[in-house]
Amino acid sequence: MRHALTAIMAAASLSSVAHGQTKAGTPAAAAPQPNAIATTIAKDMDGLMTLYRDLHANPELSEQETATAAKLARRLKAMKFDVTDRVGGTGVVAVLKNGSGPVLLIRADMDALPVTEQTGLEFASKVKAKTADGTETGVMHACGHDTHMTAFIETARLLSSMKDQWKGTLVMILQPAEEVGRGARLMLEDGLYTRFPRPTHAIAFHDAANLEAGKIGYTPGFALANVDSVDLLVRGTGGHGAYPQTTRDPIVLGARIVTSLQTLVSREQDPFDPAVVTVGSFMGGAKHNVIPDDAKLLLTVRSYSDQTREKLIHGIERIARGEAIAAGISDDRMPVVSVKDEFTPSTYNPPVFANQMADVLKAHFPAGTVTETKPSMAGEDFGRYYRADKSINSFIFWVGGVPADQMAKAEAGEITLPSLHSPFWAPEADKVIATASEAMTVLAMNILKRN
């Protein structure tokens, strides 16, 4: 393996290989051979799938990832990483120094979601837990973080076994609480950049529910969005439903606010600067003939730039107050807008570095494996590591998880694919793990190359 990988690295381009079977009628001699990294991952796959199934069957909610962190920390220690646990709560930092050179941060997220699994997998999660507000719920890795962690462990194992072929420092982190937008911030606040080597580069991947399994997507520039959760308390004066003239109806006022909020995007936002304002919940009243005092709206607000984010939040406050004034609400009963402590900042791939990394991947994988993808309005707090130090070269990419036959049926309009966070999301895990492990190892070897 060592001789073959040295030859690959010396070629600079990390020559293209094929991972599929030889097509019928193709002479055996013409079939391209797997490269050393892919061959090693294939040999490790049984063990990796055992780890994946264990992680999938035993998920833990955000900021509760103690058992997950412990079992993965043990593996990193066995690879001779210098491991520190309980960073930012349940986070793990594993450092491997290998001479002078770049400092590469590689991240995987550990938390699962409050979702009751309905995939029908033999190893489906049956875990139940309580959320921070005390609600009992099923728990599931409905966002694929189990594939992230498994590929992370294989990447660590590959790189630790090839120390003679790279130079620099690895800082591999297992991050808590990505799903609530706090994990990266908590680790940074706990000294990630001061207690440990400060990264010059940072990479991560996320599985994708809209790409064929084993395909890789990347987006230069803004890749994922700012995400804010906004609570809007609409206050009125309640009373009997038969005598609405004696009330100031918060239900009607809330409905007017919902309608007017649509203009923030449709009439105030530059069409070339995407934004989303969605009212996901409207709660008010408990009886048919009672007008309540209050109603509550729950919003998700998404943007890319910080300027647009601020504009949207101020716009929500302005519209809510303006509609309340029009409805005759007194000053002491104006709506209350609260931005929750769940802010996930946008994730930005510096374009020059993103295209460099994409070129490395395109040179390594078969033609058509790696493609540029559109930005997403989903959130991912990996962007905080770059925001904390914009001298860092940062790159997050997608690895598809949709089985090829399912993708073909979806493209033909025969089925609808489950999304990330769906109780039905079951990625083709072996392909996600193999592709991601290979891609992250190839990128790391390029960043930490000896010459």
# chains A, B, ... in the order shown; residues from 1 in each chain; ligands from 1
$ select_by_dssp --residues "region 216-425 of chain A" --states "strand (DSSP E or B)" --output "PyMOL selection string"
chain A and resi 216-218+221-224+226-235+237+239-240+248+276-284+290-291+294-303+336-339+344+347-349+370-372+393-402
$ residues_around --residues "region 182-190 of chain A" --least-positions-apart "6" --cutoff "8 Å" --atoms "only C-alpha atoms" --output "short mmCIF file (atom, residue, chain, number, x, y, z; two decimals) with C-alpha atoms, in the first residue's frame"
data_model
loop_
_atom_site.label_atom_id
_atom_site.label_comp_id
_atom_site.auth_asym_id
_atom_site.auth_seq_id
_atom_site.Cartn_x
_atom_site.Cartn_y
_atom_site.Cartn_z
CA GLU A 63 -25.52 18.03 24.13
CA VAL A 87 -14.51 20.23 25.03
CA GLY A 88 -17.53 22.49 24.70
CA GLY A 89 -19.60 19.98 26.64
CA GLY A 91 -16.92 17.47 22.24
CA GLN A 175 -18.57 18.14 17.63
CA PRO A 176 -21.77 18.12 19.69
CA GLU A 342 -30.15 28.69 17.99
CA PHE A 343 -28.51 30.85 15.34
CA THR A 344 -26.59 28.85 12.77
CA ASP A 381 -22.59 25.32 11.93
CA PHE A 382 -19.30 24.16 10.40
CA ARG A 384 -18.32 29.03 12.52
CA TYR A 385 -14.77 27.65 12.30
#
$ closest_residue --among "A:Phe272, A:Tyr348, A:Phe424, A:Tyr52" --to "Asp146 (chain A)" --atoms "only C-alpha atoms"
A:Tyr52
$ residues_around --residues "region 178-181 of chain A" --least-positions-apart "2" --cutoff "12 Å" --atoms "only C-alpha atoms" --output "tab-separated table (two decimals) with C-alpha atoms, in the first residue's frame"
chain	number	residue	atom	x	y	z
A	60	GLU	CA	-28.02	10.67	21.34
A	61	LEU	CA	-29.64	14.10	21.27
A	62	SER	CA	-27.75	17.39	21.11
A	63	GLU	CA	-25.52	18.03	24.13
A	64	GLN	CA	-26.26	14.50	25.39
A	65	GLU	CA	-23.66	12.70	23.23
A	88	GLY	CA	-17.53	22.49	24.70
A	90	THR	CA	-19.34	16.55	25.05
A	91	GLY	CA	-16.92	17.47	22.24
A	107	ARG	CA	-14.78	17.73	11.83
A	108	ALA	CA	-17.63	15.29	12.31
A	109	ASP	CA	-20.86	16.05	14.17
A	110	MET	CA	-22.28	13.57	16.68
A	111	ASP	CA	-25.84	14.55	17.59
A	112	ALA	CA	-29.08	12.95	16.47
A	113	LEU	CA	-32.58	14.37	16.12
A	114	PRO	CA	-35.82	14.06	18.10
A	131	THR	CA	-35.42	16.93	24.97
A	132	ALA	CA	-34.14	19.97	26.83
A	141	HIS	CA	-29.76	9.84	13.13
A	142	ALA	CA	-32.12	11.31	10.55
A	143	CYS	CA	-29.43	13.68	9.25
A	144	GLY	CA	-26.76	11.06	8.65
A	145	HIS	CA	-24.33	12.09	11.37
A	174	LEU	CA	-16.06	15.36	17.17
A	175	GLN	CA	-18.57	18.14	17.63
A	176	PRO	CA	-21.77	18.12	19.69
A	183	GLY	CA	-21.87	22.94	19.04
A	184	ALA	CA	-19.19	24.76	17.07
A	185	ARG	CA	-19.68	27.90	19.14
A	186	LEU	CA	-19.37	25.93	22.39
A	187	MET	CA	-16.12	24.31	21.27
A	206	HIS	CA	-22.29	16.13	4.84
A	225	ALA	CA	-27.48	29.56	4.98
A	226	ASN	CA	-27.81	31.65	8.10
A	227	VAL	CA	-30.62	30.04	10.08
A	228	ASP	CA	-32.57	31.88	12.77
A	229	SER	CA	-35.50	30.66	14.85
A	340	LYS	CA	-33.73	32.30	19.86
A	341	ASP	CA	-30.25	31.17	20.85
A	342	GLU	CA	-30.15	28.69	17.99
A	343	PHE	CA	-28.51	30.85	15.34
A	344	THR	CA	-26.59	28.85	12.77
A	345	PRO	CA	-24.34	31.12	10.70
A	346	SER	CA	-23.99	30.69	6.96
A	378	ALA	CA	-30.23	24.44	5.03
A	379	GLY	CA	-28.00	25.29	7.99
A	380	GLU	CA	-24.73	23.77	9.20
A	381	ASP	CA	-22.59	25.32	11.93
A	382	PHE	CA	-19.30	24.16	10.40
A	383	GLY	CA	-19.20	27.72	9.06
A	384	ARG	CA	-18.32	29.03	12.52
A	420	LEU	CA	-32.67	14.83	5.52
A	421	HIS	CA	-34.48	14.92	8.90
$ atom_distance --atom1 "CA of Val290 (chain A)" --atom2 "CA of Asp332 (chain A)"
22.2 Å
$ atom_distance --atom1 "CA of Ile173 (chain A)" --atom2 "CA of Ile106 (chain A)"
6.2 Å
$ residues_around --residues "Val402 (chain A)" --least-positions-apart "4" --cutoff "8 Å" --atoms "only C-alpha atoms" --output "list in words"
Ala208, Ala209, Asn210, Leu211, Glu212, Ala213, Gln406, Met407, Pro427 and Glu428 of chain A
$ closest_residue --among "A:Leu104, A:Ile415, A:Met140, A:Leu312" --to "Phe123 (chain A)" --atoms "only C-alpha atoms"
A:Met140
$ decode --residues "region 401-432 of chain A" --atoms "N, CA and C atoms" --output "PDB file, in the first residue's frame"
ATOM      1  N   GLY A 401     -26.254  10.073  -0.846  1.00  0.00           N
ATOM      2  CA  GLY A 401     -26.625   8.844  -0.167  1.00  0.00           C
ATOM      3  C   GLY A 401     -27.816   8.129  -0.767  1.00  0.00           C
ATOM      4  N   VAL A 402     -28.363   8.625  -1.883  1.00  0.00           N
ATOM      5  CA  VAL A 402     -29.569   8.026  -2.471  1.00  0.00           C
ATOM      6  C   VAL A 402     -29.176   6.843  -3.365  1.00  0.00           C
ATOM      7  N   PRO A 403     -29.703   5.644  -3.100  1.00  0.00           N
ATOM      8  CA  PRO A 403     -29.406   4.511  -3.985  1.00  0.00           C
ATOM      9  C   PRO A 403     -29.738   4.842  -5.440  1.00  0.00           C
ATOM     10  N   ALA A 404     -28.918   4.348  -6.361  1.00  0.00           N
ATOM     11  CA  ALA A 404     -29.054   4.704  -7.777  1.00  0.00           C
ATOM     12  C   ALA A 404     -30.444   4.383  -8.324  1.00  0.00           C
ATOM     13  N   ASP A 405     -31.021   3.230  -7.927  1.00  0.00           N
ATOM     14  CA  ASP A 405     -32.332   2.880  -8.461  1.00  0.00           C
ATOM     15  C   ASP A 405     -33.413   3.824  -7.948  1.00  0.00           C
ATOM     16  N   GLN A 406     -33.277   4.262  -6.685  1.00  0.00           N
ATOM     17  CA  GLN A 406     -34.238   5.206  -6.137  1.00  0.00           C
ATOM     18  C   GLN A 406     -34.111   6.576  -6.801  1.00  0.00           C
ATOM     19  N   MET A 407     -32.880   6.980  -7.083  1.00  0.00           N
ATOM     20  CA  MET A 407     -32.663   8.255  -7.769  1.00  0.00           C
ATOM     21  C   MET A 407     -33.287   8.221  -9.162  1.00  0.00           C
ATOM     22  N   ALA A 408     -33.126   7.113  -9.858  1.00  0.00           N
ATOM     23  CA  ALA A 408     -33.706   6.983 -11.202  1.00  0.00           C
ATOM     24  C   ALA A 408     -35.225   7.062 -11.155  1.00  0.00           C
ATOM     25  N   LYS A 409     -35.838   6.429 -10.176  1.00  0.00           N
ATOM     26  CA  LYS A 409     -37.297   6.479 -10.046  1.00  0.00           C
ATOM     27  C   LYS A 409     -37.768   7.891  -9.701  1.00  0.00           C
ATOM     28  N   ALA A 410     -37.007   8.575  -8.848  1.00  0.00           N
ATOM     29  CA  ALA A 410     -37.375   9.948  -8.485  1.00  0.00           C
ATOM     30  C   ALA A 410     -37.285  10.869  -9.690  1.00  0.00           C
ATOM     31  N   GLU A 411     -36.225  10.708 -10.482  1.00  0.00           N
ATOM     32  CA  GLU A 411     -36.060  11.546 -11.669  1.00  0.00           C
ATOM     33  C   GLU A 411     -37.142  11.253 -12.707  1.00  0.00           C
ATOM     34  N   ALA A 412     -37.688  10.039 -12.689  1.00  0.00           N
ATOM     35  CA  ALA A 412     -38.774   9.676 -13.609  1.00  0.00           C
ATOM     36  C   ALA A 412     -40.139  10.072 -13.058  1.00  0.00           C
ATOM     37  N   GLY A 413     -40.166  10.653 -11.868  1.00  0.00           N
ATOM     38  CA  GLY A 413     -41.421  11.073 -11.265  1.00  0.00           C
ATOM     39  C   GLY A 413     -42.227   9.953 -10.645  1.00  0.00           C
ATOM     40  N   GLU A 414     -41.591   8.795 -10.443  1.00  0.00           N
ATOM     41  CA  GLU A 414     -42.314   7.635  -9.918  1.00  0.00           C
ATOM     42  C   GLU A 414     -42.399   7.634  -8.389  1.00  0.00           C
ATOM     43  N   ILE A 415     -41.418   8.230  -7.719  1.00  0.00           N
ATOM     44  CA  ILE A 415     -41.412   8.274  -6.262  1.00  0.00           C
ATOM     45  C   ILE A 415     -40.941   9.651  -5.801  1.00  0.00           C
ATOM     46  N   THR A 416     -41.199   9.951  -4.532  1.00  0.00           N
ATOM     47  CA  THR A 416     -40.653  11.142  -3.887  1.00  0.00           C
ATOM     48  C   THR A 416     -39.618  10.702  -2.860  1.00  0.00           C
ATOM     49  N   LEU A 417     -38.452  11.274  -2.924  1.00  0.00           N
ATOM     50  CA  LEU A 417     -37.377  10.871  -2.023  1.00  0.00           C
ATOM     51  C   LEU A 417     -37.550  11.506  -0.645  1.00  0.00           C
ATOM     52  N   PRO A 418     -37.239  10.762   0.427  1.00  0.00           N
ATOM     53  CA  PRO A 418     -37.237  11.385   1.748  1.00  0.00           C
ATOM     54  C   PRO A 418     -36.080  12.371   1.855  1.00  0.00           C
ATOM     55  N   SER A 419     -36.278  13.413   2.618  1.00  0.00           N
ATOM     56  CA  SER A 419     -35.234  14.421   2.804  1.00  0.00           C
ATOM     57  C   SER A 419     -34.429  14.121   4.052  1.00  0.00           C
ATOM     58  N   LEU A 420     -33.335  14.833   4.227  1.00  0.00           N
ATOM     59  CA  LEU A 420     -32.673  14.835   5.523  1.00  0.00           C
ATOM     60  C   LEU A 420     -33.687  15.256   6.579  1.00  0.00           C
ATOM     61  N   HIS A 421     -33.577  14.690   7.761  1.00  0.00           N
ATOM     62  CA  HIS A 421     -34.476  14.920   8.900  1.00  0.00           C
ATOM     63  C   HIS A 421     -35.778  14.133   8.780  1.00  0.00           C
ATOM     64  N   SER A 422     -35.956  13.384   7.705  1.00  0.00           N
ATOM     65  CA  SER A 422     -37.145  12.553   7.566  1.00  0.00           C
ATOM     66  C   SER A 422     -36.977  11.271   8.381  1.00  0.00           C
ATOM     67  N   PRO A 423     -38.064  10.758   8.988  1.00  0.00           N
ATOM     68  CA  PRO A 423     -37.973   9.472   9.697  1.00  0.00           C
ATOM     69  C   PRO A 423     -37.725   8.308   8.747  1.00  0.00           C
ATOM     70  N   PHE A 424     -37.817   8.565   7.429  1.00  0.00           N
ATOM     71  CA  PHE A 424     -37.600   7.517   6.431  1.00  0.00           C
ATOM     72  C   PHE A 424     -36.209   7.595   5.779  1.00  0.00           C
ATOM     73  N   TRP A 425     -35.376   8.562   6.184  1.00  0.00           N
ATOM     74  CA  TRP A 425     -34.070   8.725   5.524  1.00  0.00           C
ATOM     75  C   TRP A 425     -33.137   7.586   5.929  1.00  0.00           C
ATOM     76  N   ALA A 426     -32.748   6.776   4.940  1.00  0.00           N
ATOM     77  CA  ALA A 426     -31.814   5.670   5.149  1.00  0.00           C
ATOM     78  C   ALA A 426     -30.819   5.691   3.996  1.00  0.00           C
ATOM     79  N   PRO A 427     -29.712   6.412   4.142  1.00  0.00           N
ATOM     80  CA  PRO A 427     -28.748   6.507   3.041  1.00  0.00           C
ATOM     81  C   PRO A 427     -28.102   5.157   2.749  1.00  0.00           C
ATOM     82  N   GLU A 428     -27.583   5.022   1.546  1.00  0.00           N
ATOM     83  CA  GLU A 428     -26.792   3.835   1.204  1.00  0.00           C
ATOM     84  C   GLU A 428     -25.444   4.010   1.903  1.00  0.00           C
ATOM     85  N   ALA A 429     -25.431   3.588   3.157  1.00  0.00           N
ATOM     86  CA  ALA A 429     -24.380   4.003   4.080  1.00  0.00           C
ATOM     87  C   ALA A 429     -22.993   3.552   3.657  1.00  0.00           C
ATOM     88  N   ASP A 430     -22.861   2.349   3.113  1.00  0.00           N
ATOM     89  CA  ASP A 430     -21.526   1.892   2.758  1.00  0.00           C
ATOM     90  C   ASP A 430     -20.900   2.776   1.686  1.00  0.00           C
ATOM     91  N   LYS A 431     -21.716   3.232   0.729  1.00  0.00           N
ATOM     92  CA  LYS A 431     -21.168   4.104  -0.313  1.00  0.00           C
ATOM     93  C   LYS A 431     -20.844   5.497   0.228  1.00  0.00           C
ATOM     94  N   VAL A 432     -21.692   6.013   1.108  1.00  0.00           N
ATOM     95  CA  VAL A 432     -21.398   7.313   1.722  1.00  0.00           C
ATOM     96  C   VAL A 432     -20.085   7.239   2.494  1.00  0.00           C
TER      97      VAL A 432
END
